[in-house]
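What follows is a set of notes on a single structure, which appears directly below.
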Protein chains: 2
Amino acid sequence: MIHEVSINWLEGVAFRSEADGHSITIDAPFEAGGQNKGIRPKMLILASLGGCTGVDVVLILQKMKVKFTGIRIVVEGKLTEHHPKVYETIVVKYFFSGEDLDLAKLQKAIDLSQDKYCGVTAMLRNSVKISNQIIIE
Amino acid sequence: MIHEVSINWLEGVAFRSEADGHSITIDAPFEAGGQNKGIRPKMLILASLGGCTGVDVVLILQKMKVKFTGIRIVVEGKLTEHHPKVYETIVVKYFFSGEDLDLAKLQKAIDLSQDKYCGVTAMLRNSVKISNQIIIE
């Protein structure tokens with residue numbers, strides 16, 4: 001299966017990304033020479049990782065019959081200082097809300113995502129140290 | 001420097017990503033159990049790669065005094081069939097428009113991005129075979 005994304009230059013260093021009819025504006029912040037019209041490109045890696053593992057965790061918890069009312073995932077990437085600037089570490093913080101949540105089941109869902117299902121983690125972990133935290137709110 | 005992205009569950013397998021005030025809706029397509037309300041998470045990797053190298057190429061060509069009227073970057077990722085599903089190859093196609101474009105300079109800008117500046121390429125290339133093509137339109 002082929003996934004295709006088209007990125008079209010707008011002006012300055014801003015681009016419009018199109019994928020399956022879904023549009024995203026990409027730009028650099030002012031301090032990096034852009035006009036902050038959209039997300040900076042590298043941060044899409046963090047959104048990708050959070051979304052990928054988020055979808056997994058929702059599906060796994062549903063199979064486990066775990067009832068939750070909210071999931072928020074905060075993905076923090078620590079950049080290196082020299083070119084090419086990469087995330088040397090990424091911390092994925094999973095915040096769950098709901099009544100009587102079973103920590104062991106939440107941990108199992110995260111482990112299954114990070115170790116088995118999440119392709120984004122699999123593509124990054126040869127280059128980036130990725131760690132996880134669970135917080136029940 | 002820390003980059004932070006927050007991903008909040010909406011419903012089904014849809015999430016809203018927030019980063020520096022820029023919002024992206026993430027979802028799975030219908031055939032993968034979603035409602036296609038937003039981009040699928042893994043494709044954000046392709047958008048990230050295209051945006052990252054696109055910003056580099058614009059800045060490098062400006063420094064080289066190369067005048068272009070358009071840049072479109074098509075990023076194609078070929079998925080593996082088994083979990084975790086990853087892109088085993090990614091092809092980055094750079095389409096340039098403008099008068100009397102110097103192919104050698106365009107190639108040099110792309111090489112500088114892919115070999116030296118683009119952190120997204122640097123994070124992926126230990127796992128994914130990435131190749132490039134130039135097309136002058």
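Ligands are numbered from 1 in the order shown, residues from 1 within each chain, and chains are lettered A, B, ... in the order they appear in the structure tokens.
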Let's have chain B fitted on chain A; use all the C-alpha atoms paired in order for the least-squares step and return it as a short mmCIF file (atom, residue, chain, number, x, y, z; two decimals) with N, CA, C and O atoms, in the first residue's frame.
```cif
data_model
loop_
_atom_site.label_atom_id
_atom_site.label_comp_id
_atom_site.auth_asym_id
_atom_site.auth_seq_id
_atom_site.Cartn_x
_atom_site.Cartn_y
_atom_site.Cartn_z
N MET B 1 0.83 -1.18 -0.03
CA MET B 1 -0.01 0.02 -0.01
C MET B 1 0.87 1.27 0.01
O MET B 1 1.86 1.32 0.73
N ILE B 2 0.48 2.24 -0.83
CA ILE B 2 1.24 3.48 -0.93
C ILE B 2 0.44 4.61 -0.27
O ILE B 2 -0.75 4.79 -0.56
N HIS B 3 1.07 5.34 0.61
CA HIS B 3 0.49 6.59 1.14
C HIS B 3 1.15 7.75 0.42
O HIS B 3 2.38 7.76 0.25
N GLU B 4 0.35 8.74 0.00
CA GLU B 4 0.92 9.88 -0.73
C GLU B 4 0.47 11.20 -0.12
O GLU B 4 -0.71 11.38 0.17
N VAL B 5 1.44 12.08 0.08
CA VAL B 5 1.16 13.42 0.58
C VAL B 5 1.80 14.42 -0.39
O VAL B 5 2.92 14.21 -0.85
N SER B 6 1.06 15.47 -0.72
CA SER B 6 1.58 16.51 -1.61
C SER B 6 1.76 17.79 -0.81
O SER B 6 0.88 18.19 -0.05
N ILE B 7 2.92 18.42 -0.96
CA ILE B 7 3.24 19.63 -0.20
C ILE B 7 3.52 20.75 -1.20
O ILE B 7 4.44 20.64 -2.01
N ASN B 8 2.70 21.78 -1.15
CA ASN B 8 2.80 22.86 -2.14
C ASN B 8 3.27 24.14 -1.48
O ASN B 8 2.71 24.58 -0.47
N TRP B 9 4.27 24.75 -2.09
CA TRP B 9 4.83 25.98 -1.56
C TRP B 9 3.82 27.12 -1.70
O TRP B 9 3.21 27.29 -2.75
N LEU B 10 3.64 27.89 -0.62
CA LEU B 10 2.71 29.03 -0.64
C LEU B 10 3.49 30.33 -0.82
O LEU B 10 3.38 31.01 -1.81
N GLU B 11 4.28 30.68 0.17
CA GLU B 11 5.13 31.88 0.13
C GLU B 11 6.06 31.79 1.32
O GLU B 11 5.80 31.04 2.26
N GLY B 12 7.14 32.57 1.31
CA GLY B 12 8.10 32.49 2.42
C GLY B 12 8.56 31.05 2.56
O GLY B 12 9.01 30.44 1.58
N VAL B 13 8.43 30.49 3.76
CA VAL B 13 8.73 29.07 3.93
C VAL B 13 7.47 28.30 4.32
O VAL B 13 7.53 27.26 4.99
N ALA B 14 6.32 28.84 3.92
CA ALA B 14 5.04 28.18 4.23
C ALA B 14 4.63 27.24 3.10
O ALA B 14 4.84 27.53 1.92
N PHE B 15 4.07 26.11 3.46
CA PHE B 15 3.61 25.10 2.53
C PHE B 15 2.21 24.64 2.95
O PHE B 15 1.85 24.70 4.12
N ARG B 16 1.45 24.16 1.96
CA ARG B 16 0.17 23.52 2.24
C ARG B 16 0.33 22.04 1.93
O ARG B 16 0.71 21.67 0.81
N SER B 17 0.07 21.22 2.93
CA SER B 17 0.12 19.77 2.75
C SER B 17 -1.28 19.24 2.46
O SER B 17 -2.24 19.64 3.14
N GLU B 18 -1.39 18.35 1.49
CA GLU B 18 -2.68 17.74 1.15
C GLU B 18 -2.52 16.22 1.16
O GLU B 18 -1.59 15.69 0.54
N ALA B 19 -3.42 15.56 1.87
CA ALA B 19 -3.38 14.10 1.93
C ALA B 19 -4.81 13.59 2.07
O ALA B 19 -5.48 13.92 3.06
N ASP B 20 -5.28 12.85 1.10
CA ASP B 20 -6.63 12.29 1.14
C ASP B 20 -7.69 13.36 1.44
O ASP B 20 -8.63 13.12 2.22
N GLY B 21 -7.50 14.55 0.89
CA GLY B 21 -8.48 15.63 1.10
C GLY B 21 -8.31 16.39 2.39
O GLY B 21 -9.10 17.31 2.67
N HIS B 22 -7.29 16.06 3.18
CA HIS B 22 -7.07 16.75 4.45
C HIS B 22 -5.87 17.68 4.30
O HIS B 22 -4.79 17.26 3.92
N SER B 23 -6.11 18.93 4.64
CA SER B 23 -5.12 19.98 4.40
C SER B 23 -4.48 20.45 5.70
O SER B 23 -5.16 20.59 6.72
N ILE B 24 -3.17 20.67 5.67
CA ILE B 24 -2.45 21.19 6.84
C ILE B 24 -1.52 22.29 6.35
O ILE B 24 -0.82 22.12 5.35
N THR B 25 -1.51 23.42 7.04
CA THR B 25 -0.55 24.47 6.71
C THR B 25 0.70 24.28 7.56
O THR B 25 0.62 24.06 8.78
N ILE B 26 1.84 24.33 6.90
CA ILE B 26 3.14 24.14 7.53
C ILE B 26 3.91 25.44 7.38
O ILE B 26 3.90 26.05 6.32
N ASP B 27 4.56 25.87 8.43
CA ASP B 27 5.37 27.10 8.35
C ASP B 27 6.43 27.03 9.45
O ASP B 27 6.39 26.17 10.34
N ALA B 28 7.38 27.94 9.39
CA ALA B 28 8.34 28.08 10.47
C ALA B 28 7.87 29.23 11.38
O ALA B 28 7.14 30.12 10.93
N PRO B 29 8.27 29.21 12.63
CA PRO B 29 7.94 30.35 13.50
C PRO B 29 8.78 31.57 13.09
O PRO B 29 9.72 31.46 12.31
N PHE B 30 8.42 32.73 13.62
CA PHE B 30 9.10 33.98 13.26
C PHE B 30 10.61 33.88 13.49
O PHE B 30 11.40 34.29 12.65
N GLU B 31 11.02 33.30 14.62
CA GLU B 31 12.45 33.27 14.95
C GLU B 31 13.25 32.35 14.02
O GLU B 31 14.47 32.39 14.00
N ALA B 32 12.53 31.52 13.25
CA ALA B 32 13.23 30.64 12.30
C ALA B 32 12.99 31.10 10.86
O ALA B 32 13.16 30.33 9.93
N GLY B 33 12.55 32.35 10.69
CA GLY B 33 12.42 32.91 9.35
C GLY B 33 11.07 32.71 8.71
O GLY B 33 10.89 33.03 7.52
N GLY B 34 10.09 32.21 9.46
CA GLY B 34 8.76 32.00 8.89
C GLY B 34 7.79 33.05 9.38
O GLY B 34 8.17 34.07 9.97
N GLN B 35 6.51 32.80 9.14
CA GLN B 35 5.47 33.73 9.60
C GLN B 35 4.46 33.04 10.51
O GLN B 35 3.37 33.57 10.74
N ASN B 36 4.82 31.86 10.98
CA ASN B 36 4.00 31.14 11.96
C ASN B 36 2.56 30.93 11.49
O ASN B 36 1.62 30.98 12.27
N LYS B 37 2.41 30.66 10.19
CA LYS B 37 1.05 30.43 9.65
C LYS B 37 0.56 29.01 9.89
O LYS B 37 -0.60 28.70 9.64
N GLY B 38 1.48 28.13 10.31
CA GLY B 38 1.09 26.74 10.53
C GLY B 38 2.10 26.05 11.42
O GLY B 38 3.05 26.67 11.90
N ILE B 39 1.89 24.78 11.62
CA ILE B 39 2.78 24.00 12.48
C ILE B 39 4.16 23.89 11.83
O ILE B 39 4.29 23.83 10.61
N ARG B 40 5.20 23.85 12.67
CA ARG B 40 6.53 23.67 12.08
C ARG B 40 6.69 22.20 11.70
O ARG B 40 6.19 21.31 12.38
N PRO B 41 7.39 21.96 10.60
CA PRO B 41 7.36 20.60 10.03
C PRO B 41 7.82 19.52 10.99
O PRO B 41 7.21 18.44 11.04
N LYS B 42 8.86 19.78 11.74
CA LYS B 42 9.39 18.70 12.59
C LYS B 42 8.38 18.27 13.66
O LYS B 42 8.32 17.11 14.03
N MET B 43 7.57 19.23 14.13
CA MET B 43 6.60 18.89 15.17
C MET B 43 5.52 17.94 14.68
O MET B 43 4.84 17.30 15.48
N LEU B 44 5.37 17.84 13.36
CA LEU B 44 4.42 16.85 12.82
C LEU B 44 4.84 15.43 13.18
O LEU B 44 4.01 14.53 13.25
N ILE B 45 6.13 15.24 13.42
CA ILE B 45 6.61 13.92 13.87
C ILE B 45 6.00 13.59 15.23
O ILE B 45 5.57 12.45 15.48
N LEU B 46 5.96 14.60 16.10
CA LEU B 46 5.40 14.37 17.45
C LEU B 46 3.89 14.14 17.38
O LEU B 46 3.35 13.29 18.09
N ALA B 47 3.22 14.91 16.51
CA ALA B 47 1.77 14.71 16.32
C ALA B 47 1.49 13.32 15.75
O ALA B 47 0.53 12.65 16.13
N SER B 48 2.36 12.90 14.82
CA SER B 48 2.21 11.58 14.21
C SER B 48 2.35 10.48 15.25
O SER B 48 1.52 9.56 15.33
N LEU B 49 3.37 10.62 16.08
CA LEU B 49 3.60 9.61 17.12
C LEU B 49 2.44 9.57 18.12
O LEU B 49 1.92 8.50 18.46
N GLY B 50 1.99 10.74 18.55
CA GLY B 50 0.89 10.80 19.52
C GLY B 50 -0.40 10.26 18.93
O GLY B 50 -1.16 9.52 19.59
N GLY B 51 -0.68 10.60 17.68
CA GLY B 51 -1.90 10.12 17.03
C GLY B 51 -1.86 8.62 16.81
O GLY B 51 -2.84 7.91 17.04
N CYS B 52 -0.71 8.13 16.37
CA CYS B 52 -0.55 6.70 16.09
C CYS B 52 -0.78 5.86 17.34
O CYS B 52 -1.59 4.94 17.36
N THR B 53 -0.10 6.22 18.41
CA THR B 53 -0.27 5.44 19.64
C THR B 53 -1.64 5.71 20.27
O THR B 53 -2.24 4.81 20.88
N GLY B 54 -2.18 6.90 20.06
CA GLY B 54 -3.52 7.21 20.59
C GLY B 54 -4.58 6.32 19.96
O GLY B 54 -5.44 5.76 20.66
N VAL B 55 -4.54 6.18 18.65
CA VAL B 55 -5.51 5.31 17.96
C VAL B 55 -5.37 3.88 18.47
O VAL B 55 -6.36 3.21 18.80
N ASP B 56 -4.13 3.40 18.57
CA ASP B 56 -3.91 2.04 19.10
C ASP B 56 -4.52 1.87 20.48
O ASP B 56 -5.22 0.89 20.75
N VAL B 57 -4.22 2.82 21.36
CA VAL B 57 -4.63 2.68 22.77
C VAL B 57 -6.16 2.69 22.88
O VAL B 57 -6.74 1.90 23.62
N VAL B 58 -6.82 3.56 22.11
CA VAL B 58 -8.29 3.58 22.13
C VAL B 58 -8.83 2.22 21.71
O VAL B 58 -9.71 1.64 22.38
N LEU B 59 -8.31 1.68 20.60
CA LEU B 59 -8.83 0.40 20.09
C LEU B 59 -8.55 -0.75 21.06
O LEU B 59 -9.40 -1.61 21.28
N ILE B 60 -7.35 -0.76 21.66
CA ILE B 60 -6.99 -1.84 22.58
C ILE B 60 -7.84 -1.76 23.86
O ILE B 60 -8.36 -2.78 24.34
N LEU B 61 -8.02 -0.55 24.39
CA LEU B 61 -8.84 -0.41 25.60
C LEU B 61 -10.29 -0.79 25.34
O LEU B 61 -10.95 -1.38 26.20
N GLN B 62 -10.78 -0.48 24.15
CA GLN B 62 -12.16 -0.89 23.82
C GLN B 62 -12.26 -2.42 23.80
O GLN B 62 -13.23 -2.98 24.33
N LYS B 63 -11.25 -3.08 23.22
CA LYS B 63 -11.26 -4.55 23.20
C LYS B 63 -11.19 -5.11 24.61
O LYS B 63 -11.77 -6.16 24.91
N MET B 64 -10.44 -4.43 25.48
CA MET B 64 -10.31 -4.88 26.88
C MET B 64 -11.53 -4.50 27.73
O MET B 64 -11.53 -4.76 28.93
N LYS B 65 -12.50 -3.82 27.13
CA LYS B 65 -13.71 -3.34 27.84
C LYS B 65 -13.37 -2.36 28.96
O LYS B 65 -14.06 -2.30 29.99
N VAL B 66 -12.29 -1.63 28.77
CA VAL B 66 -11.94 -0.59 29.74
C VAL B 66 -12.69 0.69 29.37
O VAL B 66 -12.59 1.17 28.24
N LYS B 67 -13.48 1.21 30.31
CA LYS B 67 -14.25 2.43 30.05
C LYS B 67 -13.44 3.64 30.48
O LYS B 67 -13.04 3.74 31.64
N PHE B 68 -13.21 4.54 29.56
CA PHE B 68 -12.52 5.78 29.88
C PHE B 68 -13.38 6.93 29.37
O PHE B 68 -14.23 6.76 28.49
N THR B 69 -13.15 8.10 29.97
CA THR B 69 -13.92 9.27 29.49
C THR B 69 -13.02 10.24 28.72
O THR B 69 -13.53 11.08 27.99
N GLY B 70 -11.72 10.13 28.92
CA GLY B 70 -10.84 11.04 28.20
C GLY B 70 -9.43 10.48 28.08
O GLY B 70 -8.97 9.74 28.95
N ILE B 71 -8.78 10.81 26.98
CA ILE B 71 -7.37 10.49 26.80
C ILE B 71 -6.70 11.73 26.20
O ILE B 71 -7.20 12.29 25.21
N ARG B 72 -5.63 12.13 26.84
CA ARG B 72 -4.83 13.25 26.32
C ARG B 72 -3.40 12.75 26.30
O ARG B 72 -2.94 12.13 27.26
N ILE B 73 -2.73 12.98 25.22
CA ILE B 73 -1.35 12.51 25.09
C ILE B 73 -0.48 13.73 24.81
O ILE B 73 -0.74 14.48 23.86
N VAL B 74 0.50 13.94 25.67
CA VAL B 74 1.44 15.05 25.47
C VAL B 74 2.77 14.44 25.03
O VAL B 74 3.30 13.56 25.70
N VAL B 75 3.26 14.89 23.88
CA VAL B 75 4.49 14.34 23.32
C VAL B 75 5.55 15.44 23.35
O VAL B 75 5.35 16.51 22.76
N GLU B 76 6.63 15.18 24.07
CA GLU B 76 7.69 16.18 24.22
C GLU B 76 8.96 15.66 23.56
O GLU B 76 9.46 14.59 23.90
N GLY B 77 9.48 16.43 22.63
CA GLY B 77 10.72 16.06 21.95
C GLY B 77 11.83 17.03 22.31
O GLY B 77 11.64 18.24 22.23
N LYS B 78 12.98 16.47 22.70
CA LYS B 78 14.13 17.32 23.04
C LYS B 78 15.08 17.36 21.84
O LYS B 78 15.63 16.33 21.43
N LEU B 79 15.26 18.56 21.30
CA LEU B 79 16.06 18.74 20.08
C LEU B 79 17.55 18.79 20.38
O LEU B 79 17.96 19.36 21.38
N THR B 80 18.33 18.27 19.47
CA THR B 80 19.79 18.49 19.52
C THR B 80 20.07 19.94 19.08
O THR B 80 19.22 20.60 18.48
N GLU B 81 21.28 20.40 19.37
CA GLU B 81 21.60 21.81 19.06
C GLU B 81 22.21 22.00 17.67
O GLU B 81 22.20 23.10 17.14
N HIS B 82 22.78 20.94 17.11
CA HIS B 82 23.49 21.10 15.84
C HIS B 82 22.74 20.41 14.70
O HIS B 82 21.97 19.49 14.91
N HIS B 83 23.03 20.86 13.46
CA HIS B 83 22.38 20.28 12.28
C HIS B 83 22.91 18.88 12.00
O HIS B 83 24.09 18.65 12.17
N PRO B 84 22.09 17.96 11.50
CA PRO B 84 20.64 18.11 11.41
C PRO B 84 20.02 18.03 12.81
O PRO B 84 20.36 17.14 13.59
N LYS B 85 19.12 18.97 13.11
CA LYS B 85 18.50 19.00 14.44
C LYS B 85 17.43 17.91 14.52
O LYS B 85 16.45 17.93 13.78
N VAL B 86 17.67 16.99 15.41
CA VAL B 86 16.76 15.84 15.57
C VAL B 86 16.28 15.79 17.02
O VAL B 86 16.85 16.42 17.90
N TYR B 87 15.23 15.03 17.24
CA TYR B 87 14.81 14.77 18.63
C TYR B 87 15.69 13.66 19.16
O TYR B 87 15.67 12.54 18.66
N GLU B 88 16.49 13.98 20.18
CA GLU B 88 17.31 12.90 20.74
C GLU B 88 16.51 12.06 21.72
O GLU B 88 16.76 10.86 21.86
N THR B 89 15.55 12.68 22.39
CA THR B 89 14.63 11.92 23.25
C THR B 89 13.20 12.42 22.99
O THR B 89 12.99 13.59 22.69
N ILE B 90 12.27 11.50 23.11
CA ILE B 90 10.85 11.85 23.07
C ILE B 90 10.18 11.19 24.27
O ILE B 90 10.37 9.99 24.52
N VAL B 91 9.44 12.00 25.05
CA VAL B 91 8.66 11.46 26.16
C VAL B 91 7.18 11.54 25.78
O VAL B 91 6.71 12.59 25.35
N VAL B 92 6.48 10.41 25.89
CA VAL B 92 5.06 10.35 25.58
C VAL B 92 4.31 10.21 26.91
O VAL B 92 4.46 9.21 27.61
N LYS B 93 3.54 11.26 27.26
CA LYS B 93 2.79 11.25 28.53
C LYS B 93 1.33 10.99 28.23
O LYS B 93 0.69 11.79 27.52
N TYR B 94 0.80 9.90 28.76
CA TYR B 94 -0.58 9.52 28.54
C TYR B 94 -1.40 9.92 29.78
O TYR B 94 -1.15 9.41 30.88
N PHE B 95 -2.36 10.81 29.58
CA PHE B 95 -3.26 11.22 30.67
C PHE B 95 -4.63 10.58 30.41
O PHE B 95 -5.24 10.81 29.37
N PHE B 96 -5.09 9.80 31.38
CA PHE B 96 -6.39 9.12 31.24
C PHE B 96 -7.37 9.69 32.25
O PHE B 96 -6.99 9.96 33.39
N SER B 97 -8.63 9.81 31.84
CA SER B 97 -9.66 10.10 32.82
C SER B 97 -10.79 9.08 32.71
O SER B 97 -11.03 8.51 31.64
N GLY B 98 -11.44 8.83 33.85
CA GLY B 98 -12.50 7.83 33.92
C GLY B 98 -12.59 7.33 35.35
O GLY B 98 -11.73 7.65 36.18
N GLU B 99 -13.61 6.55 35.61
CA GLU B 99 -13.80 6.04 36.99
C GLU B 99 -13.15 4.68 37.15
O GLU B 99 -13.29 3.81 36.29
N ASP B 100 -12.47 4.47 38.28
CA ASP B 100 -11.89 3.16 38.63
C ASP B 100 -11.05 2.57 37.50
O ASP B 100 -11.17 1.39 37.14
N LEU B 101 -10.18 3.40 36.93
CA LEU B 101 -9.33 2.89 35.84
C LEU B 101 -8.27 1.94 36.39
O LEU B 101 -7.68 2.19 37.45
N ASP B 102 -8.04 0.86 35.67
CA ASP B 102 -7.10 -0.18 36.10
C ASP B 102 -5.73 0.14 35.48
O ASP B 102 -5.54 -0.02 34.27
N LEU B 103 -4.81 0.56 36.31
CA LEU B 103 -3.50 1.01 35.82
C LEU B 103 -2.79 -0.08 35.02
O LEU B 103 -2.16 0.21 33.99
N ALA B 104 -2.92 -1.32 35.47
CA ALA B 104 -2.22 -2.42 34.77
C ALA B 104 -2.75 -2.57 33.34
O ALA B 104 -1.99 -2.82 32.40
N LYS B 105 -4.06 -2.41 33.17
CA LYS B 105 -4.63 -2.52 31.82
C LYS B 105 -4.20 -1.35 30.94
O LYS B 105 -3.94 -1.52 29.74
N LEU B 106 -4.17 -0.16 31.53
CA LEU B 106 -3.72 1.01 30.76
C LEU B 106 -2.27 0.79 30.30
O LEU B 106 -1.91 1.04 29.15
N GLN B 107 -1.45 0.30 31.23
CA GLN B 107 -0.03 0.06 30.91
C GLN B 107 0.09 -0.99 29.81
O GLN B 107 0.91 -0.87 28.91
N LYS B 108 -0.75 -2.01 29.90
CA LYS B 108 -0.68 -3.08 28.89
C LYS B 108 -1.05 -2.54 27.50
O LYS B 108 -0.41 -2.89 26.49
N ALA B 109 -2.06 -1.67 27.46
CA ALA B 109 -2.47 -1.09 26.18
C ALA B 109 -1.33 -0.25 25.58
O ALA B 109 -1.04 -0.31 24.38
N ILE B 110 -0.68 0.51 26.44
CA ILE B 110 0.44 1.35 25.96
C ILE B 110 1.59 0.47 25.49
O ILE B 110 2.19 0.71 24.43
N ASP B 111 1.91 -0.56 26.26
CA ASP B 111 3.02 -1.45 25.87
C ASP B 111 2.73 -2.13 24.53
O ASP B 111 3.62 -2.25 23.68
N LEU B 112 1.49 -2.59 24.35
CA LEU B 112 1.14 -3.23 23.08
C LEU B 112 1.30 -2.26 21.92
O LEU B 112 1.80 -2.61 20.85
N SER B 113 0.86 -1.01 22.13
CA SER B 113 1.03 -0.01 21.08
C SER B 113 2.51 0.23 20.80
O SER B 113 2.96 0.12 19.65
N GLN B 114 3.25 0.54 21.82
CA GLN B 114 4.65 0.96 21.61
C GLN B 114 5.54 -0.19 21.15
O GLN B 114 6.49 0.02 20.41
N ASP B 115 5.24 -1.41 21.59
CA ASP B 115 6.11 -2.54 21.24
C ASP B 115 5.67 -3.27 19.98
O ASP B 115 6.48 -3.89 19.30
N LYS B 116 4.36 -3.24 19.68
CA LYS B 116 3.87 -4.11 18.62
C LYS B 116 3.19 -3.39 17.45
O LYS B 116 3.40 -3.75 16.31
N TYR B 117 2.34 -2.41 17.76
CA TYR B 117 1.47 -1.89 16.70
C TYR B 117 1.89 -0.56 16.09
O TYR B 117 1.64 -0.31 14.92
N CYS B 118 2.46 0.32 16.87
CA CYS B 118 2.65 1.69 16.38
C CYS B 118 3.84 1.77 15.43
O CYS B 118 5.00 1.72 15.83
N GLY B 119 3.52 1.91 14.15
CA GLY B 119 4.56 1.98 13.13
C GLY B 119 5.42 3.23 13.25
O GLY B 119 6.59 3.23 12.85
N VAL B 120 4.85 4.30 13.77
CA VAL B 120 5.64 5.54 13.90
C VAL B 120 6.75 5.34 14.95
O VAL B 120 7.91 5.68 14.71
N THR B 121 6.39 4.73 16.07
CA THR B 121 7.43 4.40 17.06
C THR B 121 8.48 3.49 16.43
O THR B 121 9.69 3.72 16.61
N ALA B 122 8.03 2.50 15.68
CA ALA B 122 8.98 1.56 15.07
C ALA B 122 9.95 2.25 14.12
O ALA B 122 11.13 1.91 14.06
N MET B 123 9.45 3.28 13.40
CA MET B 123 10.34 3.98 12.46
C MET B 123 11.32 4.91 13.16
O MET B 123 12.39 5.19 12.64
N LEU B 124 10.95 5.39 14.34
CA LEU B 124 11.80 6.37 15.02
C LEU B 124 12.77 5.76 16.02
O LEU B 124 13.81 6.33 16.32
N ARG B 125 12.46 4.58 16.54
CA ARG B 125 13.21 4.15 17.72
C ARG B 125 14.65 3.72 17.44
O ARG B 125 15.43 3.59 18.39
N ASN B 126 15.02 3.55 16.18
CA ASN B 126 16.43 3.31 15.88
C ASN B 126 17.26 4.59 16.02
O ASN B 126 18.48 4.53 16.07
N SER B 127 16.59 5.73 16.05
CA SER B 127 17.30 7.01 16.11
C SER B 127 17.01 7.80 17.38
O SER B 127 17.78 8.67 17.75
N VAL B 128 15.85 7.56 17.98
CA VAL B 128 15.36 8.41 19.07
C VAL B 128 15.04 7.54 20.27
O VAL B 128 14.41 6.49 20.12
N LYS B 129 15.45 7.98 21.46
CA LYS B 129 15.09 7.25 22.69
C LYS B 129 13.68 7.70 23.08
O LYS B 129 13.46 8.88 23.37
N ILE B 130 12.73 6.76 23.06
CA ILE B 130 11.32 7.08 23.34
C ILE B 130 10.93 6.45 24.67
O ILE B 130 11.14 5.26 24.89
N SER B 131 10.38 7.25 25.59
CA SER B 131 9.92 6.71 26.87
C SER B 131 8.47 7.15 27.11
O SER B 131 7.97 8.06 26.46
N ASN B 132 7.81 6.46 28.03
CA ASN B 132 6.38 6.67 28.27
C ASN B 132 6.09 6.93 29.74
O ASN B 132 6.81 6.45 30.60
N GLN B 133 5.03 7.68 29.98
CA GLN B 133 4.54 7.88 31.35
C GLN B 133 3.01 7.77 31.31
O GLN B 133 2.40 8.17 30.32
N ILE B 134 2.44 7.25 32.42
CA ILE B 134 0.98 7.21 32.54
C ILE B 134 0.56 8.10 33.70
O ILE B 134 1.16 8.01 34.78
N ILE B 135 -0.44 8.92 33.47
CA ILE B 135 -1.00 9.74 34.55
C ILE B 135 -2.52 9.54 34.53
O ILE B 135 -3.17 9.71 33.48
N ILE B 136 -3.09 9.14 35.67
CA ILE B 136 -4.55 9.03 35.77
C ILE B 136 -5.06 10.32 36.40
O ILE B 136 -4.60 10.72 37.46
N GLU B 137 -5.96 11.00 35.71
CA GLU B 137 -6.43 12.32 36.17
C GLU B 137 -7.73 12.20 36.95
O GLU B 137 -8.49 11.28 36.76
#
```
Where in chain A does DSSP assign alpha helix (DSSP H), given as a PyMOL selection string? chain A and resi 43-63+103-112+119-124
Can those selected residues be exported to a file as a PDB file, in the first residue's frame so that it contains C-alpha atoms?
```pdb
ATOM      1  CA  MET A  43       6.612  18.898  15.171  1.00  0.00           C
ATOM      2  CA  LEU A  44       4.423  16.848  12.816  1.00  0.00           C
ATOM      3  CA  ILE A  45       6.620  13.919  13.865  1.00  0.00           C
ATOM      4  CA  LEU A  46       5.407  14.379  17.452  1.00  0.00           C
ATOM      5  CA  ALA A  47       1.769  14.712  16.311  1.00  0.00           C
ATOM      6  CA  SER A  48       2.213  11.585  14.203  1.00  0.00           C
ATOM      7  CA  LEU A  49       3.604   9.595  17.111  1.00  0.00           C
ATOM      8  CA  GLY A  50       0.896  10.793  19.512  1.00  0.00           C
ATOM      9  CA  GLY A  51      -1.884  10.121  17.020  1.00  0.00           C
ATOM     10  CA  CYS A  52      -0.540   6.692  16.089  1.00  0.00           C
ATOM     11  CA  THR A  53      -0.261   5.436  19.634  1.00  0.00           C
ATOM     12  CA  GLY A  54      -3.503   7.207  20.583  1.00  0.00           C
ATOM     13  CA  VAL A  55      -5.495   5.306  17.961  1.00  0.00           C
ATOM     14  CA  ASP A  56      -3.905   2.033  19.105  1.00  0.00           C
ATOM     15  CA  VAL A  57      -4.629   2.683  22.774  1.00  0.00           C
ATOM     16  CA  VAL A  58      -8.282   3.580  22.138  1.00  0.00           C
ATOM     17  CA  LEU A  59      -8.825   0.399  20.098  1.00  0.00           C
ATOM     18  CA  ILE A  60      -6.987  -1.842  22.591  1.00  0.00           C
ATOM     19  CA  LEU A  61      -8.835  -0.403  25.615  1.00  0.00           C
ATOM     20  CA  GLN A  62     -12.155  -0.886  23.821  1.00  0.00           C
ATOM     21  CA  LYS A  63     -11.263  -4.560  23.218  1.00  0.00           C
ATOM     22  CA  LEU A 103      -3.501   1.008  35.817  1.00  0.00           C
ATOM     23  CA  ALA A 104      -2.231  -2.421  34.761  1.00  0.00           C
ATOM     24  CA  LYS A 105      -4.626  -2.523  31.812  1.00  0.00           C
ATOM     25  CA  LEU A 106      -3.720   1.015  30.754  1.00  0.00           C
ATOM     26  CA  GLN A 107      -0.041   0.060  30.907  1.00  0.00           C
ATOM     27  CA  LYS A 108      -0.687  -3.077  28.882  1.00  0.00           C
ATOM     28  CA  ALA A 109      -2.475  -1.082  26.160  1.00  0.00           C
ATOM     29  CA  ILE A 110       0.444   1.348  25.952  1.00  0.00           C
ATOM     30  CA  ASP A 111       3.010  -1.451  25.871  1.00  0.00           C
ATOM     31  CA  LEU A 112       1.131  -3.245  23.076  1.00  0.00           C
ATOM     32  CA  GLY A 119       4.564   1.977  13.127  1.00  0.00           C
ATOM     33  CA  VAL A 120       5.648   5.541  13.902  1.00  0.00           C
ATOM     34  CA  THR A 121       7.423   4.397  17.064  1.00  0.00           C
ATOM     35  CA  ALA A 122       8.987   1.555  15.074  1.00  0.00           C
ATOM     36  CA  MET A 123      10.345   3.989  12.453  1.00  0.00           C
ATOM     37  CA  LEU A 124      11.800   6.380  15.034  1.00  0.00           C
TER      38      LEU A 124
END
```
So that I can check the secondary structure, give me every residue of segment 27-99 of chain B assigned strand (DSSP E or B) by backbone DSSP, as a ChimeraX atom specification. /B:39,70-79,87-97
